[in-house]
Amino acid sequence: MKACVRGAAVAVAAAATAAALAACGEGAGNDSGGGNQTKIGVLLPDSTTARWETNDRPLLDRRIKELCDECTVEHANAKGDVAIQQAQMDSMLAEGVDAILLAAVDARSLGPTVAKADEAGIPVIAYDRLAEGPISGYASFDGEEVGRLQGTALLKAMGDRESGDQIVMMNGDPSDPNAVSFKAGALSVLEGRVEIAKAYDTPQWRTEVAHMNMSGAISALGADNIDGVYAANDGLAAGSIAALKANKVDPLPPVTGQDAELGAVRRIVADEQYMTVYKPFAPEASAGAALAVAAARGESLDRIATDKVTTSSGSTVPAVLLTPVSVTIDTIEDTVVKDGVYTIQQICTPQLAAACTKAGLT
Ligand code: GAL
């Protein structure tokens, strides 16, 4: 279906025909020069986690434009608010975009809006997080493998454990299906090997909530009785480490993370965080962009997708599921530096100069 027709259909449903017709006039379907324009909507979840605006957004933009001369990209960031994301997606549907790339704030709550897009013939590609509803494709990483990498690294860092060694688990936002996979993968490695003394979920992946929960764990367990911290991402690691430091826990227990944020890589050099999981941003953005462009053009996604995933509605859709990589002090150079995510100069601030030299990052 043509974008203008689709837009009008959605708007009629929303009793706002004028908006859709105006959008058509503005070139959502055909541009004023008479050439065909293809519009792709990119919906990102929040600004709490650095990756979305710092890495994903510019990479998606660049890759969509590389793959598609006639494409324009429209972005929106929901700032962690489900209602805002629903409204942002509704307005893109009314405008008659040709495809949507959606990293959902809350996979379940966005399901009905995904269904609305489907009824209007606008394909939705789930980006990084498996949104519920009739999506057309999915680009992400193997989430359980992320959790296994974190759990395995934590056990290694804890070394020769004594029975009764205790860890605190800082899990992500349960409304993000990835958080559920990270936790399941981690538990598959940790259960029976260490005692999980405290476990928390963290709504909206908020750093300050992790900080507060870690302070509570320290009061409940005692500062010397936390032998390791499973933190599902780097923001949660940052909050946990800040609370441990504020409570003068020394030495710090090993702490895991995810996302290879610059702050986390620096904490690894400073020996405050044990590891992070690097999910190479460029291949994920490339896969998301390729799926969205093909979907917008009405082409088959099977040419791009190497995997399949089962959606909440039980159908199987084409997917690209990439492999995450564990990063410790020994592998910073071979991973994020080699891939050009950060230079050694960026990582090695003056305060980290000695630690960088020791780690061979020069
Ligand atoms: C997940 C994503 C992670 C992490 C987290 C926090 O869905 O896969 O990379 O960023 O969200 O927002």
# chains A, B, ... in the order shown; residues from 1 in each chain; ligands from 1
>>> closest_atom_pairs(of="chain A", to="ligand 1", cutoff="8 Å", atoms="only C-alpha atoms and all ligand atoms", output="CSV")
residue,atom,partner,partner_atom_place_in_ligand_line,distance
A:Pro45,CA,ligand 1,12 (O),7.7
A:Asp46,CA,ligand 1,12 (O),7.3
A:Thr48,CA,ligand 1,12 (O),7.1
A:Thr49,CA,ligand 1,12 (O),5.1
A:Ala50,CA,ligand 1,10 (O),7.7
A:Arg51,CA,ligand 1,10 (O),6.5
A:Trp52,CA,ligand 1,10 (O),7.6
A:Ala103,CA,ligand 1,7 (O),7.9
A:Asp128,CA,ligand 1,8 (O),5.7
A:Arg129,CA,ligand 1,7 (O),5.4
A:Ser140,CA,ligand 1,8 (O),7.7
A:Phe141,CA,ligand 1,8 (O),7.6
A:Gly143,CA,ligand 1,8 (O),7.4
A:Gly172,CA,ligand 1,6 (C),7.1
A:Asp173,CA,ligand 1,6 (C),7.9
A:Asp176,CA,ligand 1,7 (O),5.9
A:Pro177,CA,ligand 1,7 (O),7.2
A:Asn178,CA,ligand 1,7 (O),5.0
A:Ala179,CA,ligand 1,7 (O),6.4
A:Gln204,CA,ligand 1,12 (O),7.3
A:Trp205,CA,ligand 1,6 (C),5.7
A:Asn233,CA,ligand 1,4 (C),6.0
A:Gly235,CA,ligand 1,6 (C),7.8
A:Gln258,CA,ligand 1,9 (O),6.5
A:Asp259,CA,ligand 1,9 (O),5.3
A:Lys279,CA,ligand 1,9 (O),7.3
>>> residues_around(residues="Val249 in chain A", least_positions_apart="6", cutoff="9 Å", atoms="only C-alpha atoms", output="number ranges by chain")
A: 223-224, 243
>>> write_last_selection(atoms="C-alpha atoms", output="compact mmCIF listing (two decimals), in the first residue's frame")
# COMPACT_ATOMS: atom_id res chain seq x y z
CA ALA A 223 29.63 -4.19 53.59
CA ASP A 224 32.08 -7.10 53.83
CA ALA A 243 26.88 3.01 46.43
>>> residues_around(residues="range 55-65 of chain A", least_positions_apart="5", cutoff="10 Å", atoms="only C-alpha atoms", output="PyMOL selection string")
chain A and resi 40+42-44+50+70-77+101+127+261+280-293+341
>>> residues_around(residues="range 84-86 of chain A", least_positions_apart="5", cutoff="7 Å", atoms="only C-alpha atoms", output="PyMOL selection string")
chain A and resi 78+110+113
>>> select_by_dssp(residues="range 96-164 of chain A", states="strand (DSSP E)", output="tab-separated table (two decimals) with C-alpha atoms, in the first residue's frame")
chain	number	residue	atom	x	y	z
A	99	ALA	CA	8.18	1.61	7.88
A	100	ILE	CA	8.95	1.95	11.58
A	101	LEU	CA	12.00	0.80	13.48
A	102	LEU	CA	10.93	0.45	17.11
A	124	VAL	CA	7.25	-2.45	12.11
A	125	ILE	CA	10.75	-3.78	12.63
A	126	ALA	CA	11.52	-4.41	16.31
A	127	TYR	CA	14.94	-2.98	17.08
A	137	GLY	CA	11.16	-8.42	11.53
A	138	TYR	CA	13.66	-8.15	14.38
A	139	ALA	CA	17.29	-7.06	14.74
A	140	SER	CA	19.07	-7.74	18.02
A	141	PHE	CA	21.58	-9.82	19.96
>>> atom_distance(atom1="CA of Val337 in chain A", atom2="CA of Leu361 in chain A")
9.7 Å
>>> residues_around(residues="range 184-191 of chain A", least_positions_apart="5", cutoff="8 Å", atoms="only C-alpha atoms", output="short mmCIF file (atom, residue, chain, number, x, y, z; two decimals) with N, CA, C and O atoms, in the first residue's frame")
data_model
loop_
_atom_site.label_atom_id
_atom_site.label_comp_id
_atom_site.auth_asym_id
_atom_site.auth_seq_id
_atom_site.Cartn_x
_atom_site.Cartn_y
_atom_site.Cartn_z
N GLY A 143 20.14 -12.45 23.69
CA GLY A 143 20.07 -11.91 25.05
C GLY A 143 20.49 -12.90 26.13
O GLY A 143 21.12 -12.52 27.12
N GLU A 144 20.14 -14.16 25.96
CA GLU A 144 20.53 -15.14 26.99
C GLU A 144 22.05 -15.30 27.02
O GLU A 144 22.65 -15.47 28.07
N GLU A 145 22.65 -15.19 25.84
CA GLU A 145 24.11 -15.29 25.78
C GLU A 145 24.76 -14.12 26.53
O GLU A 145 25.79 -14.28 27.18
N VAL A 146 24.13 -12.94 26.44
CA VAL A 146 24.63 -11.78 27.22
C VAL A 146 24.70 -12.17 28.70
O VAL A 146 25.71 -11.99 29.37
N GLY A 147 23.59 -12.72 29.21
CA GLY A 147 23.53 -13.10 30.63
C GLY A 147 24.55 -14.18 30.97
O GLY A 147 25.17 -14.13 32.03
N ARG A 148 24.73 -15.13 30.06
CA ARG A 148 25.71 -16.20 30.34
C ARG A 148 27.12 -15.61 30.40
O ARG A 148 27.92 -15.98 31.25
N LEU A 149 27.43 -14.69 29.47
CA LEU A 149 28.76 -14.07 29.49
C LEU A 149 28.99 -13.33 30.81
O LEU A 149 30.06 -13.41 31.40
N GLN A 150 27.96 -12.61 31.26
CA GLN A 150 28.09 -11.86 32.51
C GLN A 150 28.29 -12.81 33.69
O GLN A 150 29.18 -12.61 34.53
N GLY A 151 27.46 -13.85 33.75
CA GLY A 151 27.53 -14.81 34.87
C GLY A 151 28.86 -15.53 34.89
O GLY A 151 29.51 -15.69 35.95
N THR A 152 29.32 -15.97 33.73
CA THR A 152 30.59 -16.70 33.65
C THR A 152 31.75 -15.81 34.07
O THR A 152 32.64 -16.22 34.82
N LEU A 155 31.76 -15.35 37.91
CA LEU A 155 32.30 -16.52 38.63
C LEU A 155 33.82 -16.54 38.50
O LEU A 155 34.53 -16.80 39.47
N ILE A 196 22.60 -16.16 45.89
CA ILE A 196 22.07 -14.86 45.45
C ILE A 196 21.36 -14.25 46.65
O ILE A 196 20.21 -14.56 46.95
#
>>> atom_distance(atom1="CA of Arg297 in chain A", atom2="CA of Met89 in chain A")
19.4 Å
>>> atom_distance(atom1="CA of Thr349 in chain A", atom2="CA of Asp250 in chain A")
23.0 Å
>>> closest_residue(among="A:Val327, A:Ile167, A:Leu322, A:Ala107", to="Val194 in chain A", atoms="only C-alpha atoms")
A:Ile167
>>> residues_around(residues="Ile329 in chain A", least_positions_apart="2", cutoff="9 Å", atoms="only C-alpha atoms", output="PyMOL selection string")
chain A and resi 265+268-269+271+274-275+327+331-333+359
>>> select_by_dssp(residues="range 99-297 of chain A", states="alpha helix (DSSP H)", output="VMD selection string")
chain A and resid 111 to 119 143 to 158 177 to 190 207 to 221 234 to 246 262 to 269 281 to 296
>>> residues_around(residues="Ile226 in chain A", least_positions_apart="2", cutoff="10 Å", atoms="only C-alpha atoms", output="short mmCIF file (atom, residue, chain, number, x, y, z; two decimals) with all heavy atoms, in the first residue's frame")
data_model
loop_
_atom_site.label_atom_id
_atom_site.label_comp_id
_atom_site.auth_asym_id
_atom_site.auth_seq_id
_atom_site.Cartn_x
_atom_site.Cartn_y
_atom_site.Cartn_z
N ASP A 165 29.52 -17.91 49.49
CA ASP A 165 29.84 -16.61 48.87
C ASP A 165 28.56 -16.01 48.30
O ASP A 165 27.78 -16.69 47.64
CB ASP A 165 30.87 -16.80 47.74
CG ASP A 165 32.29 -16.70 48.29
OD1 ASP A 165 32.44 -16.53 49.51
OD2 ASP A 165 33.24 -16.78 47.49
N GLN A 166 28.41 -14.72 48.57
CA GLN A 166 27.13 -14.09 48.24
C GLN A 166 27.27 -13.05 47.14
O GLN A 166 28.24 -12.28 47.12
CB GLN A 166 26.59 -13.34 49.46
CG GLN A 166 26.51 -14.15 50.72
CD GLN A 166 25.68 -13.43 51.76
OE1 GLN A 166 24.54 -13.82 52.02
NE2 GLN A 166 26.20 -12.38 52.33
N ILE A 167 26.27 -13.01 46.28
CA ILE A 167 26.23 -11.93 45.29
C ILE A 167 24.91 -11.15 45.39
O ILE A 167 23.93 -11.64 45.95
CB ILE A 167 26.41 -12.44 43.84
CG1 ILE A 167 25.20 -13.28 43.40
CG2 ILE A 167 27.69 -13.23 43.66
CD1 ILE A 167 25.05 -13.35 41.89
N VAL A 168 24.95 -9.94 44.85
CA VAL A 168 23.74 -9.13 44.71
C VAL A 168 23.45 -9.06 43.21
O VAL A 168 24.37 -8.86 42.41
CB VAL A 168 23.95 -7.72 45.28
CG1 VAL A 168 22.74 -6.83 45.00
CG2 VAL A 168 24.21 -7.80 46.78
N ILE A 196 22.60 -16.16 45.89
CA ILE A 196 22.07 -14.86 45.45
C ILE A 196 21.36 -14.25 46.65
O ILE A 196 20.21 -14.56 46.95
CB ILE A 196 21.16 -15.04 44.22
CG1 ILE A 196 21.98 -15.70 43.09
CG2 ILE A 196 20.58 -13.68 43.77
CD1 ILE A 196 21.20 -16.20 41.93
N ALA A 197 22.10 -13.39 47.37
CA ALA A 197 21.62 -12.90 48.67
C ALA A 197 20.51 -11.87 48.50
O ALA A 197 19.61 -11.77 49.32
CB ALA A 197 22.78 -12.33 49.47
N LYS A 198 20.61 -11.06 47.44
CA LYS A 198 19.58 -10.05 47.15
C LYS A 198 19.46 -9.94 45.63
O LYS A 198 20.48 -9.98 44.93
CB LYS A 198 20.00 -8.67 47.66
CG LYS A 198 20.01 -8.54 49.16
CD LYS A 198 18.63 -8.06 49.63
CE LYS A 198 18.57 -8.12 51.15
NZ LYS A 198 17.21 -8.22 51.63
N ALA A 217 21.11 -3.13 50.08
CA ALA A 217 21.75 -4.45 50.17
C ALA A 217 22.94 -4.40 51.14
O ALA A 217 23.15 -5.32 51.93
CB ALA A 217 22.22 -4.91 48.78
N ILE A 218 23.67 -3.29 51.09
CA ILE A 218 24.83 -3.17 51.98
C ILE A 218 24.36 -3.12 53.44
O ILE A 218 24.92 -3.79 54.31
CB ILE A 218 25.67 -1.91 51.61
CG1 ILE A 218 26.27 -2.08 50.21
CG2 ILE A 218 26.79 -1.67 52.65
CD1 ILE A 218 26.85 -0.80 49.61
N LEU A 221 23.10 -6.75 54.32
CA LEU A 221 24.04 -7.88 54.32
C LEU A 221 25.35 -7.57 55.05
O LEU A 221 26.05 -8.48 55.47
CB LEU A 221 24.38 -8.29 52.87
CG LEU A 221 23.20 -8.65 51.96
CD1 LEU A 221 23.66 -8.81 50.52
CD2 LEU A 221 22.55 -9.94 52.45
N GLY A 222 25.67 -6.29 55.13
CA GLY A 222 26.98 -5.90 55.69
C GLY A 222 27.96 -5.67 54.55
O GLY A 222 28.01 -6.46 53.59
N ALA A 223 28.73 -4.60 54.67
CA ALA A 223 29.63 -4.19 53.59
C ALA A 223 30.62 -5.28 53.19
O ALA A 223 31.00 -5.39 52.03
CB ALA A 223 30.36 -2.92 54.01
N ASP A 224 31.04 -6.11 54.16
CA ASP A 224 32.08 -7.10 53.83
C ASP A 224 31.52 -8.41 53.29
O ASP A 224 32.27 -9.33 53.00
CB ASP A 224 32.89 -7.42 55.10
CG ASP A 224 33.63 -6.19 55.59
OD1 ASP A 224 33.90 -5.29 54.76
OD2 ASP A 224 33.89 -6.12 56.81
N GLY A 228 30.31 -10.38 45.13
CA GLY A 228 30.22 -10.09 43.70
C GLY A 228 28.91 -9.40 43.41
O GLY A 228 27.95 -9.53 44.18
N VAL A 229 28.88 -8.62 42.33
CA VAL A 229 27.64 -7.94 41.94
C VAL A 229 27.36 -8.25 40.47
O VAL A 229 28.20 -7.97 39.60
CB VAL A 229 27.75 -6.40 42.13
CG1 VAL A 229 26.48 -5.71 41.64
CG2 VAL A 229 28.03 -6.05 43.59
N LEU A 244 28.66 1.34 46.59
CA LEU A 244 29.72 0.59 47.30
C LEU A 244 30.81 1.55 47.78
O LEU A 244 31.28 1.47 48.91
CB LEU A 244 30.32 -0.49 46.37
CG LEU A 244 29.40 -1.67 46.03
CD1 LEU A 244 29.92 -2.44 44.81
CD2 LEU A 244 29.27 -2.63 47.23
N VAL A 249 33.27 0.47 50.81
CA VAL A 249 33.59 -0.94 50.59
C VAL A 249 34.92 -1.01 49.85
O VAL A 249 35.07 -0.45 48.76
CB VAL A 249 32.47 -1.65 49.79
CG1 VAL A 249 32.85 -3.10 49.49
CG2 VAL A 249 31.16 -1.59 50.56
N LEU A 252 36.65 -3.26 46.25
CA LEU A 252 35.34 -3.44 45.64
C LEU A 252 35.20 -4.89 45.17
O LEU A 252 36.16 -5.48 44.67
CB LEU A 252 35.20 -2.52 44.42
CG LEU A 252 35.08 -1.02 44.70
CD1 LEU A 252 35.23 -0.23 43.40
CD2 LEU A 252 33.74 -0.70 45.37
N PRO A 253 34.00 -5.46 45.29
CA PRO A 253 33.79 -6.79 44.70
C PRO A 253 33.73 -6.67 43.17
O PRO A 253 33.48 -5.57 42.66
CB PRO A 253 32.43 -7.21 45.27
CG PRO A 253 31.73 -5.91 45.55
CD PRO A 253 32.78 -4.90 45.90
N PRO A 254 33.92 -7.78 42.45
CA PRO A 254 33.76 -7.69 41.00
C PRO A 254 32.32 -7.34 40.62
O PRO A 254 31.37 -7.84 41.23
CB PRO A 254 34.12 -9.09 40.49
CG PRO A 254 34.16 -9.97 41.69
CD PRO A 254 34.32 -9.11 42.91
#
>>> decode(residues="range 128-143 of chain A", atoms="all heavy atoms", output="compact mmCIF listing (two decimals), in the first residue's frame")
# COMPACT_ATOMS: atom_id res chain seq x y z
N ASP A 128 16.35 -4.12 18.64
CA ASP A 128 16.98 -4.51 19.90
C ASP A 128 16.04 -5.18 20.89
O ASP A 128 16.40 -6.16 21.52
CB ASP A 128 17.70 -3.31 20.57
CG ASP A 128 18.69 -3.80 21.61
OD1 ASP A 128 19.77 -4.21 21.22
OD2 ASP A 128 18.33 -3.80 22.81
N ARG A 129 14.84 -4.66 21.07
CA ARG A 129 13.88 -5.25 22.01
C ARG A 129 12.70 -5.82 21.24
O ARG A 129 12.15 -5.14 20.38
CB ARG A 129 13.38 -4.19 22.97
CG ARG A 129 14.49 -3.58 23.79
CD ARG A 129 13.98 -2.48 24.67
NE ARG A 129 15.04 -1.98 25.53
CZ ARG A 129 14.92 -0.92 26.32
NH1 ARG A 129 13.77 -0.28 26.36
NH2 ARG A 129 15.93 -0.52 27.07
N LEU A 130 12.32 -7.04 21.57
CA LEU A 130 11.25 -7.71 20.83
C LEU A 130 9.88 -7.16 21.25
O LEU A 130 9.30 -7.60 22.23
CB LEU A 130 11.34 -9.22 21.09
CG LEU A 130 10.44 -10.11 20.25
CD1 LEU A 130 10.69 -9.94 18.76
CD2 LEU A 130 10.61 -11.56 20.66
N ALA A 131 9.41 -6.18 20.50
CA ALA A 131 8.10 -5.59 20.80
C ALA A 131 7.01 -6.64 20.59
O ALA A 131 7.15 -7.52 19.74
CB ALA A 131 7.85 -4.39 19.88
N GLU A 132 5.94 -6.53 21.35
CA GLU A 132 4.82 -7.44 21.14
C GLU A 132 3.98 -6.97 19.95
O GLU A 132 4.13 -5.85 19.49
CB GLU A 132 3.97 -7.53 22.41
CG GLU A 132 4.78 -8.16 23.54
CD GLU A 132 3.93 -8.73 24.66
OE1 GLU A 132 2.68 -8.66 24.59
OE2 GLU A 132 4.54 -9.28 25.60
N GLY A 133 3.09 -7.86 19.49
CA GLY A 133 2.23 -7.51 18.36
C GLY A 133 2.83 -8.00 17.04
O GLY A 133 3.90 -8.61 17.01
N PRO A 134 2.10 -7.74 15.95
CA PRO A 134 2.47 -8.30 14.64
C PRO A 134 3.63 -7.55 13.96
O PRO A 134 3.44 -6.84 12.97
CB PRO A 134 1.18 -8.17 13.84
CG PRO A 134 0.45 -7.03 14.47
CD PRO A 134 0.83 -6.99 15.91
N ILE A 135 4.83 -7.71 14.50
CA ILE A 135 6.01 -7.09 13.87
C ILE A 135 6.36 -7.84 12.58
O ILE A 135 5.95 -8.98 12.39
CB ILE A 135 7.22 -7.08 14.82
CG1 ILE A 135 7.53 -8.51 15.30
CG2 ILE A 135 6.99 -6.14 15.99
CD1 ILE A 135 8.89 -8.66 15.93
N SER A 136 7.16 -7.19 11.72
CA SER A 136 7.55 -7.83 10.46
C SER A 136 8.95 -8.42 10.53
O SER A 136 9.29 -9.30 9.73
CB SER A 136 7.53 -6.81 9.32
OG SER A 136 6.25 -6.29 9.18
N GLY A 137 9.78 -7.92 11.45
CA GLY A 137 11.16 -8.42 11.53
C GLY A 137 11.79 -7.95 12.82
O GLY A 137 11.22 -7.12 13.54
N TYR A 138 13.01 -8.44 13.09
CA TYR A 138 13.66 -8.15 14.38
C TYR A 138 15.16 -8.14 14.20
O TYR A 138 15.72 -9.04 13.56
CB TYR A 138 13.24 -9.26 15.36
CG TYR A 138 13.78 -9.13 16.77
CD1 TYR A 138 13.76 -7.92 17.45
CD2 TYR A 138 14.28 -10.25 17.43
CE1 TYR A 138 14.23 -7.84 18.76
CE2 TYR A 138 14.75 -10.17 18.74
CZ TYR A 138 14.72 -8.95 19.41
OH TYR A 138 15.18 -8.86 20.68
N ALA A 139 15.81 -7.11 14.75
CA ALA A 139 17.29 -7.06 14.74
C ALA A 139 17.76 -6.91 16.18
O ALA A 139 17.33 -5.99 16.87
CB ALA A 139 17.76 -5.87 13.91
N SER A 140 18.62 -7.81 16.63
CA SER A 140 19.07 -7.74 18.02
C SER A 140 20.28 -8.65 18.25
O SER A 140 20.92 -9.11 17.30
CB SER A 140 17.94 -8.13 18.96
OG SER A 140 18.26 -7.78 20.29
N PHE A 141 20.53 -8.89 19.54
CA PHE A 141 21.58 -9.82 19.96
C PHE A 141 20.92 -10.98 20.69
O PHE A 141 19.78 -10.89 21.12
CB PHE A 141 22.55 -9.10 20.90
CG PHE A 141 23.51 -8.23 20.17
CD1 PHE A 141 23.15 -6.95 19.79
CD2 PHE A 141 24.76 -8.70 19.80
CE1 PHE A 141 24.02 -6.14 19.10
CE2 PHE A 141 25.64 -7.90 19.10
CZ PHE A 141 25.26 -6.62 18.74
N ASP A 142 21.71 -12.03 20.87
CA ASP A 142 21.25 -13.17 21.64
C ASP A 142 21.30 -12.77 23.13
O ASP A 142 22.37 -12.72 23.74
CB ASP A 142 22.17 -14.36 21.34
CG ASP A 142 21.82 -15.59 22.15
OD1 ASP A 142 21.11 -15.47 23.17
OD2 ASP A 142 22.29 -16.68 21.78
N GLY A 143 20.14 -12.45 23.69
CA GLY A 143 20.07 -11.91 25.05
C GLY A 143 20.49 -12.90 26.13
O GLY A 143 21.12 -12.52 27.12
